[in-house]
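Here is entry17.txt, consisting of compact mmCIF, C-alpha atoms and all ligand atoms:
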# COMPACT_ATOMS: atom_id res chain seq x y z
CA MET R 1 1.04 -5.46 -23.57
CA ASN R 2 -0.27 -6.13 -20.10
CA ALA R 3 2.34 -5.89 -17.40
CA LEU R 4 3.30 -9.05 -15.54
CA LEU R 5 4.19 -9.36 -11.88
CA LYS R 6 6.19 -12.52 -11.46
CA ILE R 7 7.18 -14.12 -8.18
CA GLU R 8 9.60 -16.99 -8.48
CA ASP R 9 10.64 -19.43 -5.76
CA LEU R 10 10.42 -16.69 -3.15
CA HIS R 11 11.94 -17.46 0.25
CA VAL R 12 11.56 -14.89 3.00
CA ASN R 13 12.94 -14.69 6.50
CA VAL R 14 11.78 -12.65 9.45
CA GLY R 15 14.82 -12.64 11.68
CA GLU R 16 16.09 -16.20 11.84
CA THR R 17 12.81 -17.80 10.88
CA GLU R 18 11.93 -18.73 7.33
CA ILE R 19 8.31 -17.72 6.76
CA LEU R 20 7.89 -18.04 3.00
CA LYS R 21 9.29 -21.28 1.66
CA GLY R 22 9.24 -20.98 -2.11
CA VAL R 23 6.26 -18.98 -3.39
CA ASN R 24 5.49 -18.96 -7.11
CA LEU R 25 2.85 -16.60 -8.45
CA GLU R 26 2.13 -14.68 -11.64
CA ILE R 27 -0.32 -11.81 -11.85
CA ARG R 28 -1.13 -9.94 -15.03
CA GLN R 29 -2.58 -6.48 -15.22
CA GLY R 30 -6.34 -6.91 -15.50
CA GLU R 31 -6.57 -10.14 -13.50
CA ILE R 32 -8.16 -10.58 -10.08
CA HIS R 33 -6.48 -13.09 -7.78
CA ALA R 34 -7.64 -14.11 -4.32
CA LEU R 35 -5.09 -15.30 -1.77
CA MET R 36 -6.51 -17.38 1.04
CA GLY R 37 -5.09 -19.58 3.74
CA PRO R 38 -5.25 -20.11 7.49
CA ASN R 39 -3.97 -17.54 10.01
CA GLY R 40 -0.21 -17.40 10.08
CA SER R 41 0.29 -19.10 6.71
CA GLY R 42 2.26 -16.14 5.33
CA LYS R 43 -0.23 -14.06 3.30
CA SER R 44 0.62 -10.69 4.84
CA THR R 45 4.30 -11.61 4.77
CA LEU R 46 4.03 -11.99 0.99
CA ALA R 47 2.28 -8.61 0.64
CA TYR R 48 4.85 -6.79 2.80
CA THR R 49 7.71 -8.47 0.98
CA LEU R 50 6.34 -7.41 -2.40
CA ILE R 51 6.17 -3.79 -1.32
CA GLY R 52 9.68 -3.94 0.16
CA HIS R 53 9.12 -3.72 3.90
CA PRO R 54 12.60 -3.80 5.47
CA LYS R 55 11.68 -6.41 8.08
CA TYR R 56 11.20 -9.10 5.44
CA GLU R 57 14.42 -10.47 4.03
CA VAL R 58 14.38 -12.23 0.69
CA THR R 59 16.88 -15.06 1.01
CA LYS R 60 16.17 -16.71 -2.32
CA GLY R 61 14.07 -16.19 -5.43
CA ARG R 62 12.91 -13.24 -7.49
CA ILE R 63 10.21 -10.61 -7.66
CA GLU R 64 9.93 -8.87 -11.01
CA ILE R 65 7.66 -6.66 -13.07
CA ASP R 66 8.13 -7.19 -16.80
CA GLY R 67 11.55 -8.68 -16.23
CA VAL R 68 12.80 -5.86 -13.99
CA GLU R 69 13.92 -7.26 -10.67
CA LEU R 70 12.45 -5.58 -7.59
CA ASN R 71 14.27 -7.54 -4.88
CA GLU R 72 16.62 -4.73 -3.88
CA MET R 73 14.35 -1.75 -4.61
CA ASP R 74 13.02 0.45 -1.87
CA PRO R 75 9.25 0.83 -1.46
CA SER R 76 8.94 4.18 -3.22
CA ASP R 77 10.66 2.86 -6.34
CA ARG R 78 8.35 -0.12 -6.34
CA ALA R 79 5.38 2.25 -6.10
CA ARG R 80 6.70 4.11 -9.11
CA LEU R 81 6.75 0.86 -11.06
CA GLY R 82 3.08 0.46 -10.23
CA MET R 83 2.92 -1.59 -7.04
CA PHE R 84 0.45 -0.58 -4.37
CA LEU R 85 -0.30 -2.09 -1.00
CA ALA R 86 -3.43 -1.19 0.90
CA PHE R 87 -2.27 -1.90 4.40
CA GLN R 88 -4.15 -4.18 6.71
CA TYR R 89 -3.48 -1.70 9.50
CA PRO R 90 -3.00 1.71 7.90
CA VAL R 91 -0.63 3.94 9.79
CA THR R 92 -1.36 7.31 11.26
CA ILE R 93 0.94 10.06 10.11
CA PRO R 94 0.36 12.89 12.56
CA GLY R 95 -0.26 16.31 11.08
CA VAL R 96 -0.52 15.19 7.45
CA LYS R 97 -3.77 15.87 5.66
CA VAL R 98 -5.31 13.32 3.35
CA ALA R 99 -5.06 15.69 0.39
CA ASP R 100 -1.37 16.50 0.99
CA PHE R 101 -0.43 12.87 1.30
CA LEU R 102 -2.26 12.00 -1.90
CA ARG R 103 -0.70 14.89 -3.80
CA LEU R 104 2.80 13.74 -2.86
CA ALA R 105 2.08 10.11 -3.73
CA LEU R 106 0.53 11.10 -7.03
CA SER R 107 3.46 13.37 -7.90
CA ASN R 108 5.88 10.50 -7.37
CA VAL R 109 3.89 8.08 -9.46
CA ARG R 110 3.23 10.56 -12.31
CA ASN R 111 6.83 11.69 -12.41
CA PRO R 112 8.96 8.63 -11.70
CA ASP R 113 12.21 10.64 -11.86
CA ARG R 114 11.03 13.16 -9.29
CA LYS R 115 13.56 13.70 -6.49
CA GLU R 116 12.72 14.62 -2.94
CA GLY R 117 12.12 18.34 -2.67
CA GLU R 118 11.28 18.81 -6.38
CA SER R 119 7.99 20.38 -7.25
CA LEU R 120 4.72 18.51 -6.99
CA ILE R 121 1.98 18.33 -9.57
CA SER R 122 0.11 21.61 -9.66
CA MET R 123 -2.41 22.26 -6.93
CA ARG R 124 -5.04 23.15 -9.49
CA GLU R 125 -4.62 19.99 -11.53
CA PHE R 126 -4.56 17.91 -8.36
CA ARG R 127 -7.67 19.51 -6.84
CA THR R 128 -9.69 18.96 -9.99
CA GLU R 129 -8.65 15.35 -10.18
CA LEU R 130 -9.26 14.74 -6.50
CA ARG R 131 -12.70 16.30 -6.67
CA GLU R 132 -13.71 14.23 -9.68
CA THR R 133 -12.39 11.00 -8.20
CA MET R 134 -14.17 11.55 -4.91
CA LYS R 135 -17.40 12.27 -6.73
CA GLN R 136 -17.05 9.08 -8.72
CA LEU R 137 -16.65 7.15 -5.45
CA ASN R 138 -19.51 9.00 -3.69
CA MET R 139 -17.15 10.41 -1.06
CA ASP R 140 -17.80 13.50 0.95
CA SER R 141 -15.40 16.28 -0.07
CA SER R 142 -14.62 17.16 3.56
CA PHE R 143 -12.74 13.87 3.78
CA ALA R 144 -9.77 15.36 1.93
CA THR R 145 -9.20 17.94 4.64
CA ARG R 146 -9.05 15.38 7.45
CA TYR R 147 -5.76 14.43 9.00
CA LEU R 148 -4.43 11.14 7.72
CA ASN R 149 -5.99 8.21 9.54
CA GLU R 150 -6.25 10.23 12.73
CA GLY R 151 -9.38 9.02 14.38
CA PHE R 152 -10.46 7.30 11.18
CA SER R 153 -13.03 4.61 11.67
CA GLY R 154 -12.42 1.23 10.06
CA GLY R 155 -14.72 2.21 7.22
CA GLU R 156 -12.94 5.54 6.70
CA LYS R 157 -9.55 3.84 6.52
CA LYS R 158 -10.95 1.63 3.81
CA ARG R 159 -12.31 4.68 1.96
CA MET R 160 -8.83 6.16 2.13
CA GLU R 161 -7.34 3.04 0.58
CA ILE R 162 -9.87 3.02 -2.22
CA LEU R 163 -9.27 6.71 -2.87
CA GLN R 164 -5.54 6.03 -3.12
CA LEU R 165 -6.19 3.22 -5.56
CA ALA R 166 -8.46 5.42 -7.67
CA LEU R 167 -5.94 8.25 -7.89
CA LEU R 168 -2.70 6.32 -8.19
CA LYS R 169 -4.09 3.71 -10.59
CA PRO R 170 -1.39 1.15 -9.78
CA LYS R 171 -0.68 -1.69 -12.15
CA PHE R 172 -0.74 -4.09 -9.24
CA ALA R 173 -2.94 -3.57 -6.20
CA LEU R 174 -2.41 -5.75 -3.15
CA LEU R 175 -5.29 -5.61 -0.71
CA ASP R 176 -4.66 -7.20 2.64
CA GLU R 177 -8.03 -7.22 4.34
CA THR R 178 -8.35 -7.98 7.97
CA ASP R 179 -11.48 -9.82 8.97
CA SER R 180 -11.75 -8.70 12.52
CA GLY R 181 -12.88 -5.20 13.29
CA LEU R 182 -14.46 -4.40 9.96
CA ASP R 183 -18.19 -4.00 9.99
CA SER R 184 -20.26 -4.84 6.95
CA ASP R 185 -20.32 -1.19 5.83
CA ALA R 186 -16.54 -1.11 5.67
CA VAL R 187 -16.49 -4.33 3.71
CA ARG R 188 -19.02 -2.85 1.33
CA VAL R 189 -16.87 0.26 0.82
CA VAL R 190 -13.95 -1.88 -0.28
CA SER R 191 -16.02 -4.30 -2.35
CA GLU R 192 -17.91 -1.67 -4.28
CA GLY R 193 -14.94 0.64 -4.60
CA LEU R 194 -12.76 -2.10 -5.92
CA SER R 195 -15.36 -3.30 -8.38
CA LYS R 196 -15.55 0.25 -9.78
CA LEU R 197 -11.79 0.49 -10.12
CA ALA R 198 -10.67 -2.95 -11.16
CA GLY R 199 -10.42 -3.27 -14.91
CA PRO R 200 -8.01 -4.13 -17.68
CA GLU R 201 -5.40 -1.73 -16.27
CA MET R 202 -5.19 -3.20 -12.79
CA GLY R 203 -3.96 -6.53 -11.51
CA VAL R 204 -5.45 -7.24 -8.10
CA LEU R 205 -4.39 -9.58 -5.32
CA ILE R 206 -7.05 -9.69 -2.61
CA ILE R 207 -6.09 -11.30 0.66
CA THR R 208 -9.33 -11.99 2.46
CA HIS R 209 -11.54 -14.39 4.25
CA HIS R 210 -14.57 -12.26 3.39
CA GLU R 211 -16.93 -13.97 1.01
CA ARG R 212 -18.54 -10.61 0.34
CA LEU R 213 -15.45 -9.02 -1.12
CA LEU R 214 -15.07 -11.79 -3.61
CA GLU R 215 -18.73 -11.74 -4.56
CA TYR R 216 -18.38 -8.23 -5.97
CA ASN R 217 -14.95 -8.98 -7.37
CA GLU R 218 -15.01 -12.53 -8.61
CA PRO R 219 -11.44 -13.78 -8.82
CA GLN R 220 -10.24 -15.61 -11.92
CA PHE R 221 -7.69 -17.31 -9.70
CA THR R 222 -7.80 -18.43 -6.09
CA HIS R 223 -4.54 -19.39 -4.38
CA VAL R 224 -4.28 -21.17 -1.09
CA MET R 225 -1.29 -20.65 1.14
CA LEU R 226 -0.25 -23.14 3.77
CA ALA R 227 2.93 -22.94 5.84
CA GLY R 228 4.60 -20.42 3.54
CA LYS R 229 3.79 -22.02 0.20
CA ILE R 230 1.00 -21.71 -2.33
CA VAL R 231 -0.22 -25.27 -2.29
CA GLU R 232 -3.26 -24.99 -4.56
CA THR R 233 -4.57 -22.70 -7.26
CA GLY R 234 -8.08 -22.85 -8.65
CA ASP R 235 -10.85 -20.57 -9.83
CA ALA R 236 -13.58 -18.76 -7.88
CA SER R 237 -15.20 -22.04 -6.91
CA LEU R 238 -12.17 -22.91 -4.77
CA ALA R 239 -12.72 -19.71 -2.76
CA HIS R 240 -16.37 -20.60 -2.26
CA GLU R 241 -15.49 -24.12 -1.19
CA LEU R 242 -12.98 -22.86 1.38
CA HIS R 243 -15.48 -20.36 2.76
CA ALA R 244 -17.99 -23.11 3.19
CA ASN R 245 -15.76 -25.88 4.50
CA GLY R 246 -12.58 -24.33 5.91
CA TYR R 247 -9.03 -25.54 5.40
CA ASP R 248 -9.13 -29.11 6.67
CA SER R 249 -9.39 -30.63 3.20
CA ILE R 250 -6.40 -28.54 2.11
CA ARG R 251 -4.38 -29.81 5.07
CA LYS R 252 -5.32 -33.38 4.22
CA ARG R 253 -4.20 -32.97 0.63
CA HIS R 254 -0.88 -31.42 1.70
CA PRO R 255 0.29 -33.35 4.75
CA GLU R 256 3.89 -32.13 4.56
CA GLU R 257 2.90 -28.45 4.76
CA ALA R 258 0.27 -29.26 7.38
CA ALA R 259 3.00 -30.81 9.53
CA TRP R 260 5.13 -27.67 9.09
CA GLU R 261 2.19 -25.57 10.16
CA GLU R 262 1.68 -27.63 13.29
CA GLN R 263 5.34 -27.44 14.17
CA GLN R 264 5.37 -23.67 13.70
CA GLN R 265 2.40 -23.30 16.00
CA GLU R 266 4.04 -25.45 18.66
CA THR R 267 7.20 -23.34 18.51
CA ALA R 268 5.14 -20.18 18.76
CA ALA R 269 3.28 -21.50 21.79
CA LYS R 270 6.53 -22.14 23.70
N1 LIG R 301 7.24 -8.82 11.54
C1 LIG R 301 7.17 -10.06 12.04
N2 LIG R 301 7.81 -10.41 13.17
C2 LIG R 301 7.77 -11.67 13.65
N3 LIG R 301 7.06 -12.67 13.09
C3 LIG R 301 6.38 -12.40 11.98
C4 LIG R 301 6.40 -11.08 11.39
N4 LIG R 301 5.62 -11.12 10.29
C5 LIG R 301 5.16 -12.37 10.20
N5 LIG R 301 5.62 -13.15 11.21
C6 LIG R 301 5.29 -14.59 11.41
O1 LIG R 301 5.16 -15.17 10.13
C7 LIG R 301 4.07 -16.09 10.09
C8 LIG R 301 3.12 -15.69 9.00
O2 LIG R 301 2.47 -14.49 9.35
P1 LIG R 301 1.53 -13.67 8.39
O3 LIG R 301 1.14 -12.43 9.09
O4 LIG R 301 2.19 -13.50 7.07
O5 LIG R 301 0.29 -14.64 8.24
P2 LIG R 301 -1.12 -14.39 7.54
O6 LIG R 301 -1.31 -15.49 6.58
O7 LIG R 301 -1.19 -13.01 7.02
O8 LIG R 301 -2.16 -14.58 8.74
P3 LIG R 301 -3.57 -13.86 9.04
O9 LIG R 301 -4.61 -14.63 8.28
O10 LIG R 301 -3.74 -14.06 10.51
O11 LIG R 301 -3.49 -12.44 8.65
C9 LIG R 301 3.47 -16.08 11.49
O12 LIG R 301 4.00 -17.17 12.20
C10 LIG R 301 3.95 -14.76 12.07
O13 LIG R 301 4.08 -14.85 13.45
MG MG R 302 -2.34 -11.34 7.49

Show me, as structure tokens, the structure contained in the file I just sent.
Amino acid sequence: MNALLKIEDLHVNVGETEILKGVNLEIRQGEIHALMGPNGSGKSTLAYTLIGHPKYEVTKGRIEIDGVELNEMDPSDRARLGMFLAFQYPVTIPGVKVADFLRLALSNVRNPDRKEGESLISMREFRTELRETMKQLNMDSSFATRYLNEGFSGGEKKRMEILQLALLKPKFALLDETDSGLDSDAVRVVSEGLSKLAGPEMGVLIITHHERLLEYNEPQFTHVMLAGKIVETGDASLAHELHANGYDSIRKRHPEEAAWEEQQQETAAK
């Protein structure tokens, strides 16, 4: 049976402010979903909340995978259940090599009961797997010996994310793609990488404004977020329409959320 990620009436606060105001979403393993919406509508907030970032407080609603509630789980336990977030702004962890980081992450995912300090998967097994995966993705083997995200270009950060996806094989991959600062090569790395990896075993939520990403990875579902709610869901044609025409028609069809959005922006400007 394909696993199901279910998000039910999710309300999320950052500090005193409610950012998500009742999000409903279901993603099955094997499906590709696109999440779109204007800046500040809450897309990244949803991604961070799903992975369990401590700054985002769930005040109401449920996140579950196959009926198991995730609300109170810490990020590493969520990862063990198959959730993966490719960060919009990957962090630099000084002094940690790509290969070491991947070996630790893989050990945790392969052995869900592993405690901190317990042994990792064998170096030999890991090296073989890493080598094969990198070959499959046309990556240079020297990449594995680099320090994590230190001096990585935008494109290299994206390669790192795709490599993580390929090795960890999460059930649910959340990709939060920034539009600014990525050149077309970097976008191609993600698009092609993802299209190689996505399949019946992976449910994907792509947050993007990039038409290109969705061309390689046509979503079965497109969701539009406005003022902390998913206000519309359609197929790939909805994504194409929004790329072509922007969000004005969405705002017109959902005046209440549009008013919320305006109010939020006014508060932010003060
Ligand atoms: N950690 C935080 N601290 C303070 N405010 C936050 C935080 N995270 C999100 N917000 C606020 O929540 C709202 C939604 O932000 P979010 O980053 O989720 O939007 P987004 O849809 O991802 O936008 P973009 O398309 O620009 O990436 C914004 O008003 C933002 O300022
Ligand atoms: Mg964002």

If you count all atoms listed in the file, the residue of R:Leu182, R:Ala268, R:Met160, R:Leu120 closest to Leu148 (chain R) turns out to be R:Met160

Excluding Gln264 (chain R) and any residue of its chain fewer than 5 positions from it, enumerate the residues within 9 Å of it, using all atoms listed in the file, and give them as an NGL selection string.
:R and (227 or 259 or 269)

Hey, can you spit out that residue selection with C-alpha atoms as a short mmCIF file (atom, residue, chain, number, x, y, z; two decimals), in the frame of the given file?
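Result file is out05.cif:
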data_model
loop_
_atom_site.label_atom_id
_atom_site.label_comp_id
_atom_site.auth_asym_id
_atom_site.auth_seq_id
_atom_site.Cartn_x
_atom_site.Cartn_y
_atom_site.Cartn_z
CA ALA R 227 2.93 -22.94 5.84
CA ALA R 259 3.00 -30.81 9.53
CA ALA R 269 3.28 -21.50 21.79
#

Just checking: using all atoms listed in the file, which residue out of R:Gly40, R:Gly30, R:Gly154, R:Gly246 ends up closest to ligand LIG 301 (chain R)?
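Closest to ligand LIG 301 (chain R) of all the choices is R:Gly40.
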
Please, what distance in Å, to one decimal, runs between CA of Leu106 (chain R) and CA of Phe172 (chain R)?
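Value for the CA of Leu106 (chain R)-CA of Phe172 (chain R) distance: 15.4 Å.
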
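Of the listed residues R:Leu5, R:Val189, R:Ser119, R:Val96, the one whose atoms come nearest to Ala144 (chain R) is R:Val96, with distances taken using only C-alpha atoms.
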
Rounded to one decimal, what separation in Å do you get between CA of Leu102 (chain R) and CA of Leu174 (chain R)?
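We find that CA of Leu102 (chain R) and CA of Leu174 (chain R) lie 17.8 Å from each other.
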
One residue among R:Leu104, R:Ala173, R:Leu242, R:Val14 is nearest to ligand LIG 301 (chain R) when using all atoms listed in the file, and that residue is R:Val14

Identify, counting all atoms listed in the file, the protein, DNA and RNA residues located within 9 Å of ligand MG 302 (chain R), and give them as a tab-separated table (two decimals) with C-alpha atoms, in the frame of the given file.
chain	number	residue	atom	x	y	z
R	39	ASN	CA	-3.97	-17.54	10.01
R	40	GLY	CA	-0.21	-17.40	10.08
R	41	SER	CA	0.29	-19.10	6.71
R	42	GLY	CA	2.26	-16.14	5.33
R	43	LYS	CA	-0.23	-14.06	3.30
R	44	SER	CA	0.62	-10.69	4.84
R	45	THR	CA	4.30	-11.61	4.77
R	47	ALA	CA	2.28	-8.61	0.64
R	88	GLN	CA	-4.15	-4.18	6.71
R	176	ASP	CA	-4.66	-7.20	2.64
R	177	GLU	CA	-8.03	-7.22	4.34
R	178	THR	CA	-8.35	-7.98	7.97
R	207	ILE	CA	-6.09	-11.30	0.66
R	208	THR	CA	-9.33	-11.99	2.46

Using CA of Ala244 (chain R) and CA of Thr222 (chain R) as the two end points, give the distance in Å to one decimal.
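These two atoms are separated by 14.6 Å.
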
Have a look at R:Pro200, R:Pro112, R:Gly117, R:Pro38 and name the one nearest to ligand LIG 301 (chain R); count only C-alpha atoms and all ligand atoms.
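Under the stated criterion, the closest residue is R:Pro38.
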
Might you pull out every residue within 12 Å of Leu163 (chain R), with all atoms listed in the file counted and same-chain residues fewer than 3 positions away left off, and present them as a ChimeraX atom specification?
/R:86,98-99,101-103,105-106,129-141,143-144,156-160,166-170,189-190,193-194,196-197

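The nearest approach to Gly228 (chain R) among the residues R:Ile19, R:Met36, R:Leu70, R:Ala258, with only C-alpha atoms taken into account, belongs to R:Ile19.
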